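Structure file model-v3.txt (compact mmCIF, N, CA and C atoms) is printed below.
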```txt
# COMPACT_ATOMS: atom_id res chain seq x y z
N MET S 116 -33.70 134.48 -72.76
CA MET S 116 -32.73 133.92 -71.83
C MET S 116 -31.81 132.96 -72.59
N THR S 117 -30.52 133.10 -72.43
CA THR S 117 -29.59 132.22 -73.11
C THR S 117 -28.98 131.25 -72.11
N ILE S 118 -28.66 130.09 -72.61
CA ILE S 118 -28.00 129.07 -71.78
C ILE S 118 -26.50 129.28 -71.91
N PRO S 119 -25.81 129.44 -70.79
CA PRO S 119 -24.35 129.64 -70.86
C PRO S 119 -23.66 128.43 -71.48
N ASN S 120 -22.65 128.71 -72.27
CA ASN S 120 -21.87 127.64 -72.90
C ASN S 120 -20.97 127.02 -71.85
N SER S 121 -21.10 125.72 -71.66
CA SER S 121 -20.30 125.04 -70.64
C SER S 121 -18.82 124.97 -70.99
N GLN S 122 -18.47 125.35 -72.20
CA GLN S 122 -17.07 125.28 -72.64
C GLN S 122 -16.37 126.64 -72.59
N ASP S 123 -17.06 127.67 -72.11
CA ASP S 123 -16.47 129.02 -72.10
C ASP S 123 -15.14 129.08 -71.35
N ASN S 124 -14.99 128.32 -70.29
CA ASN S 124 -13.77 128.36 -69.48
C ASN S 124 -12.78 127.25 -69.83
N ASN S 125 -13.03 126.53 -70.91
CA ASN S 125 -12.16 125.44 -71.32
C ASN S 125 -11.21 125.95 -72.41
N PRO S 126 -9.94 126.17 -72.08
CA PRO S 126 -9.00 126.70 -73.08
C PRO S 126 -8.71 125.72 -74.22
N LEU S 127 -9.07 124.45 -74.05
CA LEU S 127 -8.82 123.47 -75.11
C LEU S 127 -10.03 123.27 -76.02
N HIS S 128 -11.12 123.95 -75.74
CA HIS S 128 -12.32 123.80 -76.55
C HIS S 128 -12.05 124.17 -78.00
N GLY S 129 -12.37 123.26 -78.90
CA GLY S 129 -12.18 123.51 -80.33
C GLY S 129 -10.81 123.16 -80.86
N ILE S 130 -9.91 122.72 -80.00
CA ILE S 130 -8.56 122.34 -80.44
C ILE S 130 -8.49 120.81 -80.46
N THR S 131 -8.13 120.26 -81.60
CA THR S 131 -8.07 118.81 -81.72
C THR S 131 -6.81 118.26 -81.06
N LEU S 132 -6.89 116.99 -80.69
CA LEU S 132 -5.72 116.33 -80.12
C LEU S 132 -4.58 116.32 -81.14
N GLU S 133 -4.91 116.16 -82.40
CA GLU S 133 -3.87 116.18 -83.44
C GLU S 133 -3.17 117.53 -83.48
N ALA S 134 -3.92 118.61 -83.34
CA ALA S 134 -3.31 119.95 -83.34
C ALA S 134 -2.42 120.13 -82.12
N ILE S 135 -2.84 119.59 -80.99
CA ILE S 135 -2.04 119.70 -79.76
C ILE S 135 -0.73 118.95 -79.90
N VAL S 136 -0.80 117.69 -80.35
CA VAL S 136 0.42 116.87 -80.51
C VAL S 136 1.34 117.49 -81.55
N THR S 137 0.79 117.98 -82.64
CA THR S 137 1.60 118.60 -83.69
C THR S 137 2.31 119.84 -83.16
N ALA S 138 1.59 120.67 -82.42
CA ALA S 138 2.21 121.89 -81.86
C ALA S 138 3.31 121.54 -80.87
N LEU S 139 3.07 120.54 -80.03
CA LEU S 139 4.10 120.13 -79.07
C LEU S 139 5.33 119.58 -79.79
N PHE S 140 5.11 118.76 -80.82
CA PHE S 140 6.23 118.21 -81.59
C PHE S 140 7.03 119.34 -82.26
N GLN S 141 6.33 120.29 -82.84
CA GLN S 141 7.02 121.39 -83.52
C GLN S 141 7.80 122.27 -82.53
N HIS S 142 7.27 122.41 -81.33
CA HIS S 142 7.92 123.25 -80.33
C HIS S 142 9.09 122.52 -79.63
N TYR S 143 8.85 121.27 -79.22
CA TYR S 143 9.84 120.55 -78.42
C TYR S 143 10.66 119.53 -79.21
N GLY S 144 10.09 118.96 -80.27
CA GLY S 144 10.72 117.83 -80.95
C GLY S 144 10.45 116.56 -80.15
N TRP S 145 10.63 115.41 -80.76
CA TRP S 145 10.30 114.14 -80.09
C TRP S 145 11.18 113.89 -78.87
N ASP S 146 12.47 114.19 -78.96
CA ASP S 146 13.37 113.90 -77.84
C ASP S 146 13.00 114.70 -76.59
N ASN S 147 12.79 116.00 -76.75
CA ASN S 147 12.42 116.83 -75.60
C ASN S 147 11.02 116.51 -75.10
N LEU S 148 10.14 116.16 -76.00
CA LEU S 148 8.79 115.77 -75.60
C LEU S 148 8.83 114.48 -74.78
N ALA S 149 9.66 113.54 -75.20
CA ALA S 149 9.81 112.28 -74.47
C ALA S 149 10.43 112.49 -73.09
N GLU S 150 11.30 113.49 -72.95
CA GLU S 150 11.87 113.81 -71.63
C GLU S 150 10.80 114.37 -70.70
N ARG S 151 9.92 115.19 -71.24
CA ARG S 151 8.88 115.82 -70.42
C ARG S 151 7.74 114.85 -70.09
N ILE S 152 7.39 114.01 -71.06
CA ILE S 152 6.34 113.01 -70.86
C ILE S 152 6.90 111.68 -71.36
N PRO S 153 7.49 110.90 -70.47
CA PRO S 153 8.16 109.66 -70.89
C PRO S 153 7.18 108.51 -71.16
N VAL S 154 6.56 108.57 -72.32
CA VAL S 154 5.68 107.48 -72.76
C VAL S 154 6.25 106.92 -74.06
N ASN S 155 6.02 105.66 -74.29
CA ASN S 155 6.64 104.96 -75.41
C ASN S 155 6.30 105.58 -76.77
N CYS S 156 5.11 106.15 -76.90
CA CYS S 156 4.74 106.73 -78.20
C CYS S 156 5.61 107.93 -78.57
N PHE S 157 6.28 108.54 -77.59
CA PHE S 157 7.20 109.64 -77.86
C PHE S 157 8.66 109.18 -77.88
N ILE S 158 8.93 107.98 -77.34
CA ILE S 158 10.30 107.49 -77.19
C ILE S 158 10.70 106.57 -78.34
N SER S 159 9.89 105.59 -78.63
CA SER S 159 10.23 104.55 -79.60
C SER S 159 9.50 104.77 -80.92
N ASP S 160 10.24 105.12 -81.95
CA ASP S 160 9.71 105.34 -83.30
C ASP S 160 8.49 106.25 -83.28
N PRO S 161 8.63 107.47 -82.77
CA PRO S 161 7.47 108.35 -82.61
C PRO S 161 6.92 108.88 -83.93
N SER S 162 5.63 109.07 -83.96
CA SER S 162 4.95 109.72 -85.08
C SER S 162 3.66 110.33 -84.54
N ILE S 163 3.11 111.26 -85.29
CA ILE S 163 1.85 111.88 -84.88
C ILE S 163 0.77 110.79 -84.82
N LYS S 164 0.71 109.95 -85.84
CA LYS S 164 -0.33 108.92 -85.92
C LYS S 164 -0.27 107.96 -84.73
N SER S 165 0.91 107.45 -84.41
CA SER S 165 1.02 106.49 -83.30
C SER S 165 0.74 107.17 -81.97
N SER S 166 1.14 108.42 -81.84
CA SER S 166 0.89 109.16 -80.61
C SER S 166 -0.61 109.37 -80.41
N LEU S 167 -1.31 109.75 -81.47
CA LEU S 167 -2.75 109.94 -81.38
C LEU S 167 -3.46 108.66 -80.98
N LYS S 168 -3.05 107.56 -81.58
CA LYS S 168 -3.68 106.27 -81.27
C LYS S 168 -3.51 105.94 -79.78
N PHE S 169 -2.30 106.12 -79.26
CA PHE S 169 -2.04 105.84 -77.85
C PHE S 169 -2.78 106.81 -76.93
N LEU S 170 -2.72 108.09 -77.24
CA LEU S 170 -3.31 109.10 -76.35
C LEU S 170 -4.84 109.01 -76.30
N ARG S 171 -5.45 108.58 -77.39
CA ARG S 171 -6.91 108.43 -77.39
C ARG S 171 -7.35 107.28 -76.49
N LYS S 172 -6.47 106.31 -76.28
CA LYS S 172 -6.80 105.15 -75.44
C LYS S 172 -6.33 105.30 -74.00
N THR S 173 -5.53 106.33 -73.72
CA THR S 173 -4.86 106.44 -72.42
C THR S 173 -5.12 107.82 -71.80
N PRO S 174 -6.20 107.92 -71.02
CA PRO S 174 -6.59 109.23 -70.48
C PRO S 174 -5.52 109.92 -69.63
N TRP S 175 -4.76 109.17 -68.81
CA TRP S 175 -3.75 109.82 -67.97
C TRP S 175 -2.65 110.45 -68.81
N ALA S 176 -2.28 109.81 -69.92
CA ALA S 176 -1.24 110.36 -70.79
C ALA S 176 -1.78 111.57 -71.55
N ARG S 177 -3.02 111.48 -71.98
CA ARG S 177 -3.64 112.61 -72.67
C ARG S 177 -3.71 113.82 -71.75
N ASP S 178 -4.05 113.60 -70.49
CA ASP S 178 -4.09 114.69 -69.52
C ASP S 178 -2.73 115.38 -69.40
N LYS S 179 -1.66 114.59 -69.39
CA LYS S 179 -0.31 115.16 -69.30
C LYS S 179 0.03 115.97 -70.55
N VAL S 180 -0.35 115.45 -71.71
CA VAL S 180 -0.09 116.14 -72.97
C VAL S 180 -0.86 117.46 -73.01
N GLU S 181 -2.13 117.42 -72.61
CA GLU S 181 -2.93 118.65 -72.61
C GLU S 181 -2.37 119.67 -71.62
N ALA S 182 -1.91 119.21 -70.47
CA ALA S 182 -1.33 120.13 -69.48
C ALA S 182 -0.04 120.77 -70.01
N LEU S 183 0.79 119.98 -70.67
CA LEU S 183 2.02 120.52 -71.25
C LEU S 183 1.69 121.53 -72.34
N TYR S 184 0.69 121.24 -73.14
CA TYR S 184 0.27 122.16 -74.20
C TYR S 184 -0.20 123.50 -73.60
N LEU S 185 -1.02 123.42 -72.55
CA LEU S 185 -1.51 124.64 -71.91
C LEU S 185 -0.35 125.44 -71.32
N ALA S 186 0.60 124.76 -70.71
CA ALA S 186 1.77 125.45 -70.15
C ALA S 186 2.58 126.11 -71.28
N MET S 187 2.71 125.41 -72.40
CA MET S 187 3.46 125.96 -73.53
C MET S 187 2.80 127.22 -74.07
N ILE S 188 1.51 127.18 -74.28
CA ILE S 188 0.85 128.38 -74.85
C ILE S 188 0.82 129.52 -73.84
N LYS S 189 0.76 129.19 -72.55
CA LYS S 189 0.79 130.24 -71.52
C LYS S 189 2.14 130.95 -71.52
N ARG S 190 3.23 130.19 -71.68
CA ARG S 190 4.57 130.80 -71.74
C ARG S 190 4.76 131.65 -72.98
N GLN S 191 4.05 131.32 -74.06
CA GLN S 191 4.20 132.06 -75.31
C GLN S 191 3.42 133.36 -75.30
N GLN S 192 2.52 133.55 -74.35
CA GLN S 192 1.70 134.76 -74.33
C GLN S 192 2.44 135.92 -73.73
```

What would you get if you wrote out this structure as structure tokens?
Amino acid sequence: MTIPNSQDNNPLHGITLEAIVTALFQHYGWDNLAERIPVNCFISDPSIKSSLKFLRKTPWARDKVEALYLAMIKRQQ
């Protein structure tokens, strides 16, 4: 008998926050990303490092970033 993997239905399983932010930056750029998710880490002197620091401390912003990422990859399929 095997125990089902609780992450089977999680499309973000195995994808790091850094990979998500990098993909969003490459797809949208900082300006368009800041329009979609207006948080200071994307508006004022944005960088991957500063964005990761903010998003790791701010669950509501991370949720928005993850949702945008999922929408982006869904549109690309």

Atom C of Glu150 (chain S) to atom N of Asn124 (chain S), distance in Å rounded to a single decimal: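 Answer for the atom C of Glu150 (chain S) to atom N of Asn124 (chain S) separation: 29.3 Å.
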
Separation of atom N of Cys156 (chain S) from atom N of Ile130 (chain S), in Å and rounded to one decimal: 22.6 Å

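Residues in contact with Asp160 (chain S) at 12 Å, where only C-alpha atoms are counted and same-chain residues fewer than 5 positions away are skipped, are listed as Trp145, Asp146, Ala149, Val154, Asn155, Ser165 and Ser166 of chain S.
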
Atom N of Ile163 (chain S) to atom N of Gln141 (chain S), distance in Å rounded to a single decimal: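 We find that atom N of Ile163 (chain S) and atom N of Gln141 (chain S) lie 9.9 Å from each other.
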
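For the residues S:Lys189, S:Arg177, S:Lys172, S:Arg151, ranking by smallest atom-to-atom distance to Val136 (chain S) using only C-alpha atoms places S:Arg177 first.
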
As an mmCIF file with N, CA and C atoms, in the coordinates of the input, list the residues of region 136-168 of chain S assigned to alpha helix (DSSP H) by DSSP on the backbone atoms of this structure.
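Generated output (part13.cif):
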```cif
data_model
loop_
_atom_site.group_PDB
_atom_site.id
_atom_site.type_symbol
_atom_site.label_atom_id
_atom_site.label_comp_id
_atom_site.auth_asym_id
_atom_site.auth_seq_id
_atom_site.Cartn_x
_atom_site.Cartn_y
_atom_site.Cartn_z
ATOM 1 N N VAL S 136 -0.800 117.690 -80.350
ATOM 2 C CA VAL S 136 0.420 116.870 -80.510
ATOM 3 C C VAL S 136 1.340 117.490 -81.550
ATOM 4 N N THR S 137 0.790 117.980 -82.640
ATOM 5 C CA THR S 137 1.600 118.600 -83.690
ATOM 6 C C THR S 137 2.310 119.840 -83.160
ATOM 7 N N ALA S 138 1.590 120.670 -82.420
ATOM 8 C CA ALA S 138 2.210 121.890 -81.860
ATOM 9 C C ALA S 138 3.310 121.540 -80.870
ATOM 10 N N LEU S 139 3.070 120.540 -80.030
ATOM 11 C CA LEU S 139 4.100 120.130 -79.070
ATOM 12 C C LEU S 139 5.330 119.580 -79.790
ATOM 13 N N PHE S 140 5.110 118.760 -80.820
ATOM 14 C CA PHE S 140 6.230 118.210 -81.590
ATOM 15 C C PHE S 140 7.030 119.340 -82.260
ATOM 16 N N GLN S 141 6.330 120.290 -82.840
ATOM 17 C CA GLN S 141 7.020 121.390 -83.520
ATOM 18 C C GLN S 141 7.800 122.270 -82.530
ATOM 19 N N HIS S 142 7.270 122.410 -81.330
ATOM 20 C CA HIS S 142 7.920 123.250 -80.330
ATOM 21 C C HIS S 142 9.090 122.520 -79.630
ATOM 22 N N TYR S 143 8.850 121.270 -79.220
ATOM 23 C CA TYR S 143 9.840 120.550 -78.420
ATOM 24 C C TYR S 143 10.660 119.530 -79.210
ATOM 25 N N GLY S 144 10.090 118.960 -80.270
ATOM 26 C CA GLY S 144 10.720 117.830 -80.950
ATOM 27 C C GLY S 144 10.450 116.560 -80.150
ATOM 28 N N TRP S 145 10.630 115.410 -80.760
ATOM 29 C CA TRP S 145 10.300 114.140 -80.090
ATOM 30 C C TRP S 145 11.180 113.890 -78.870
ATOM 31 N N ASP S 146 12.470 114.190 -78.960
ATOM 32 C CA ASP S 146 13.370 113.900 -77.840
ATOM 33 C C ASP S 146 13.000 114.700 -76.590
ATOM 34 N N ASN S 147 12.790 116.000 -76.750
ATOM 35 C CA ASN S 147 12.420 116.830 -75.600
ATOM 36 C C ASN S 147 11.020 116.510 -75.100
ATOM 37 N N LEU S 148 10.140 116.160 -76.000
ATOM 38 C CA LEU S 148 8.790 115.770 -75.600
ATOM 39 C C LEU S 148 8.830 114.480 -74.780
ATOM 40 N N ALA S 149 9.660 113.540 -75.200
ATOM 41 C CA ALA S 149 9.810 112.280 -74.470
ATOM 42 C C ALA S 149 10.430 112.490 -73.090
ATOM 43 N N GLU S 150 11.300 113.490 -72.950
ATOM 44 C CA GLU S 150 11.870 113.810 -71.630
ATOM 45 C C GLU S 150 10.800 114.370 -70.700
ATOM 46 N N ARG S 151 9.920 115.190 -71.240
ATOM 47 C CA ARG S 151 8.880 115.820 -70.420
ATOM 48 C C ARG S 151 7.740 114.850 -70.090
ATOM 49 N N ASN S 155 6.020 105.660 -74.290
ATOM 50 C CA ASN S 155 6.640 104.960 -75.410
ATOM 51 C C ASN S 155 6.300 105.580 -76.770
ATOM 52 N N CYS S 156 5.110 106.150 -76.900
ATOM 53 C CA CYS S 156 4.740 106.730 -78.200
ATOM 54 C C CYS S 156 5.610 107.930 -78.570
ATOM 55 N N PHE S 157 6.280 108.540 -77.590
ATOM 56 C CA PHE S 157 7.200 109.640 -77.860
ATOM 57 C C PHE S 157 8.660 109.180 -77.880
ATOM 58 N N ILE S 158 8.930 107.980 -77.340
ATOM 59 C CA ILE S 158 10.300 107.490 -77.190
ATOM 60 C C ILE S 158 10.700 106.570 -78.340
ATOM 61 N N ILE S 163 3.110 111.260 -85.290
ATOM 62 C CA ILE S 163 1.850 111.880 -84.880
ATOM 63 C C ILE S 163 0.770 110.790 -84.820
ATOM 64 N N LYS S 164 0.710 109.950 -85.840
ATOM 65 C CA LYS S 164 -0.330 108.920 -85.920
ATOM 66 C C LYS S 164 -0.270 107.960 -84.730
ATOM 67 N N SER S 165 0.910 107.450 -84.410
ATOM 68 C CA SER S 165 1.020 106.490 -83.300
ATOM 69 C C SER S 165 0.740 107.170 -81.970
ATOM 70 N N SER S 166 1.140 108.420 -81.840
ATOM 71 C CA SER S 166 0.890 109.160 -80.610
ATOM 72 C C SER S 166 -0.610 109.370 -80.410
ATOM 73 N N LEU S 167 -1.310 109.750 -81.470
ATOM 74 C CA LEU S 167 -2.750 109.940 -81.380
ATOM 75 C C LEU S 167 -3.460 108.660 -80.980
ATOM 76 N N LYS S 168 -3.050 107.560 -81.580
ATOM 77 C CA LYS S 168 -3.680 106.270 -81.270
ATOM 78 C C LYS S 168 -3.510 105.940 -79.780
#
```

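Each of S:Leu167, S:Pro153, S:Ser159, S:Thr173 was checked against Ile135 (chain S) using only C-alpha atoms; the smallest atom-to-atom distance is that of S:Leu167.
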
Top pick for closest residue to Phe140 (chain S), considering S:Gln192, S:Pro161, S:Pro174, S:Asn125 and counting only C-alpha atoms: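 Of all the options, S:Pro161 lies closest to Phe140 (chain S).
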
Residues at most 12 Å from Thr131 (chain S), counting only C-alpha atoms, excluding those fewer than 2 positions away in the same chain, as a compact mmCIF listing (two decimals) with N, CA and C atoms, in the frame of the given file?
```txt
# COMPACT_ATOMS: atom_id res chain seq x y z
N PRO S 126 -9.94 126.17 -72.08
CA PRO S 126 -9.00 126.70 -73.08
C PRO S 126 -8.71 125.72 -74.22
N LEU S 127 -9.07 124.45 -74.05
CA LEU S 127 -8.82 123.47 -75.11
C LEU S 127 -10.03 123.27 -76.02
N HIS S 128 -11.12 123.95 -75.74
CA HIS S 128 -12.32 123.80 -76.55
C HIS S 128 -12.05 124.17 -78.00
N GLY S 129 -12.37 123.26 -78.90
CA GLY S 129 -12.18 123.51 -80.33
C GLY S 129 -10.81 123.16 -80.86
N GLU S 133 -4.91 116.16 -82.40
CA GLU S 133 -3.87 116.18 -83.44
C GLU S 133 -3.17 117.53 -83.48
N ALA S 134 -3.92 118.61 -83.34
CA ALA S 134 -3.31 119.95 -83.34
C ALA S 134 -2.42 120.13 -82.12
N ILE S 135 -2.84 119.59 -80.99
CA ILE S 135 -2.04 119.70 -79.76
C ILE S 135 -0.73 118.95 -79.90
N VAL S 136 -0.80 117.69 -80.35
CA VAL S 136 0.42 116.87 -80.51
C VAL S 136 1.34 117.49 -81.55
N THR S 137 0.79 117.98 -82.64
CA THR S 137 1.60 118.60 -83.69
C THR S 137 2.31 119.84 -83.16
N ALA S 138 1.59 120.67 -82.42
CA ALA S 138 2.21 121.89 -81.86
C ALA S 138 3.31 121.54 -80.87
N LEU S 167 -1.31 109.75 -81.47
CA LEU S 167 -2.75 109.94 -81.38
C LEU S 167 -3.46 108.66 -80.98
N ARG S 171 -5.45 108.58 -77.39
CA ARG S 171 -6.91 108.43 -77.39
C ARG S 171 -7.35 107.28 -76.49
N ARG S 177 -3.02 111.48 -71.98
CA ARG S 177 -3.64 112.61 -72.67
C ARG S 177 -3.71 113.82 -71.75
N GLU S 181 -2.13 117.42 -72.61
CA GLU S 181 -2.93 118.65 -72.61
C GLU S 181 -2.37 119.67 -71.62
N TYR S 184 0.69 121.24 -73.14
CA TYR S 184 0.27 122.16 -74.20
C TYR S 184 -0.20 123.50 -73.60
```
